[in-house]
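Here is the structure we will look at, set down as structure tokens.
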Amino acid sequence: MMGKNELLRANHIQQATKLVQGVRSGRLPRPDLVIFPESSNVWGPSRSDPALDRIADQLGGPIAVGGITREANGAISNRVIRWDPALGATDEYVKQHLVPFSETIPLRELASAVTPFVKQFSRDMTPGTSPGLFDMGTTRVGFAICYEVAYDSVLTEGVRGGAELLAVPTNNAWFGRSEMTYQQLAMARLRAVEHSRSVVVASTSGVSAIIRPDGTVAEQSRQYTADLLIQQMPLRSTTTPATRLGSLPKWITTSLGAAALLATLRRPERRRHNPHHNPDAEN
């Protein structure tokens, strides 16, 4: 009997094999690049994966695969790895913003005294420090893993680094059939408009989607439904004011608001003088 991780991997390998068969039969167009979801694989230090080698070779193009890596020293991280048809595993992006109480435990000693949930996570994941940018064929792709799409800086760094397309591999299975996946989809649509880039959302349990630069959804899957999304999407290299300015407008408005609040708190209270007011009349 396969464990959860093995079953998840097998399901994605099966879908990728269907893609290969569809391309070979002429039923499906040959993709320029393929994006797998977050957590669809688990690798050791060697990063060896014959199945992914075979799929990349058969498709004749690069694929980006999300997964958990375990190093020889015991370190664990959440990554996206670029698989090349000839070279196998090449570029890697390590998730920078880890999810509290899922990928890292803040205030671990205090949290362990409150909930036994902490015992399931004996080791925090190791965060990355560099933006996710892969050259996939002739396209430069910027990556954010799962809820990193909520952070301004992650995809902004990617676009500033030359990303013509954005990708958000994600694993929403933790949240079941809740509205969370649609909330994340809305965030991805916002990033598309913000940077004027097409965005690919690849999810283990849905909703996966392909989003145009104007924020409209070209195609999306249903939750808990295996699917292949194939679209020809516009690639752009121009930058928007939002990309160029980044978080600067947010910090300016926050600073102005804080300054206004401090000015209000420091202003002495003054009683308005009324020449017709007679204090003796109040007694």
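A note on labels: chains of the structure tokens are A, B, ... as shown, every chain counts residues from 1, and ligands are counted from 1 in their shown order.
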For this session: Give me every alpha helix (DSSP H) residue in stretch 13-249 of chain A, going by DSSP on the backbone, as number ranges by chain.
Result: A: 13-25, 50-59, 108-114, 152-160, 180-195, 241-245, 248-249
For this session: For A:Gly66, please output as a PyMOL selection string all residues within 7 Å (counting only C-alpha atoms; exclusion window: fewer than 6 positions along the same chain).
Result: chain A and resi 36-41+79-81+169
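Shortest separation to A:Ser130 among A:Glu219, A:Glu164, A:Glu179, A:Glu157 occurs at residue A:Glu157, atoms counted being only C-alpha atoms.
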Restrict the calculation to only C-alpha atoms, then for each residue of stretch 62-92 of chain A with any atom at most 9 Å from an atom of stretch 107-124 of chain A give the closest atom pair and their distance in Å to one decimal, rows by chain and rising residue number, as JSON lines.
```
{"residue": "A:Gly74", "atom": "CA", "partner": "A:Arg123", "partner_atom": "CA", "distance": 8.7}
{"residue": "A:Ala75", "atom": "CA", "partner": "A:Arg123", "partner_atom": "CA", "distance": 7.9}
{"residue": "A:Ile76", "atom": "CA", "partner": "A:Asp124", "partner_atom": "CA", "distance": 7.4}
{"residue": "A:Ser77", "atom": "CA", "partner": "A:Asp124", "partner_atom": "CA", "distance": 8.6}
```
Exercise. Within 8 Å of A:Arg82, counting only C-alpha atoms, which residues qualify if same-chain residues fewer than 2 places away don't, as a PyMOL selection string?
Worked result: chain A and resi 62-65+80+84+88-92+134+136
For this session: Extract the full set of strand (DSSP E) residues from stretch 46-111 of chain A according to DSSP on the backbone, and format it as an MDAnalysis selection string.
Result: chainID A and resid 63:70 76:84 88:94
Please build the interface table for stretch 165-233 of chain A against stretch 2-22 of chain A with a cut-off of 12 Å, listing for each qualifying residue the nearest atom pair and the distance in Å to one decimal; count only C-alpha atoms, order rows by chain and increasing number, and write it as JSON lines.
```
{"residue": "A:Asn171", "atom": "CA", "partner": "A:Leu8", "partner_atom": "CA", "distance": 10.8}
{"residue": "A:Ala173", "atom": "CA", "partner": "A:Leu8", "partner_atom": "CA", "distance": 10.8}
{"residue": "A:Ala202", "atom": "CA", "partner": "A:His12", "partner_atom": "CA", "distance": 11.2}
{"residue": "A:Ser203", "atom": "CA", "partner": "A:His12", "partner_atom": "CA", "distance": 10.7}
{"residue": "A:Thr204", "atom": "CA", "partner": "A:Leu8", "partner_atom": "CA", "distance": 8.1}
{"residue": "A:Ser205", "atom": "CA", "partner": "A:Leu8", "partner_atom": "CA", "distance": 10.0}
{"residue": "A:Tyr224", "atom": "CA", "partner": "A:Asn11", "partner_atom": "CA", "distance": 11.8}
{"residue": "A:Thr225", "atom": "CA", "partner": "A:Asn11", "partner_atom": "CA", "distance": 11.3}
{"residue": "A:Ala226", "atom": "CA", "partner": "A:Gln15", "partner_atom": "CA", "distance": 7.5}
{"residue": "A:Asp227", "atom": "CA", "partner": "A:Gln15", "partner_atom": "CA", "distance": 7.6}
{"residue": "A:Leu228", "atom": "CA", "partner": "A:Gln15", "partner_atom": "CA", "distance": 7.4}
{"residue": "A:Leu229", "atom": "CA", "partner": "A:Leu19", "partner_atom": "CA", "distance": 10.0}
{"residue": "A:Ile230", "atom": "CA", "partner": "A:Leu19", "partner_atom": "CA", "distance": 9.8}
```
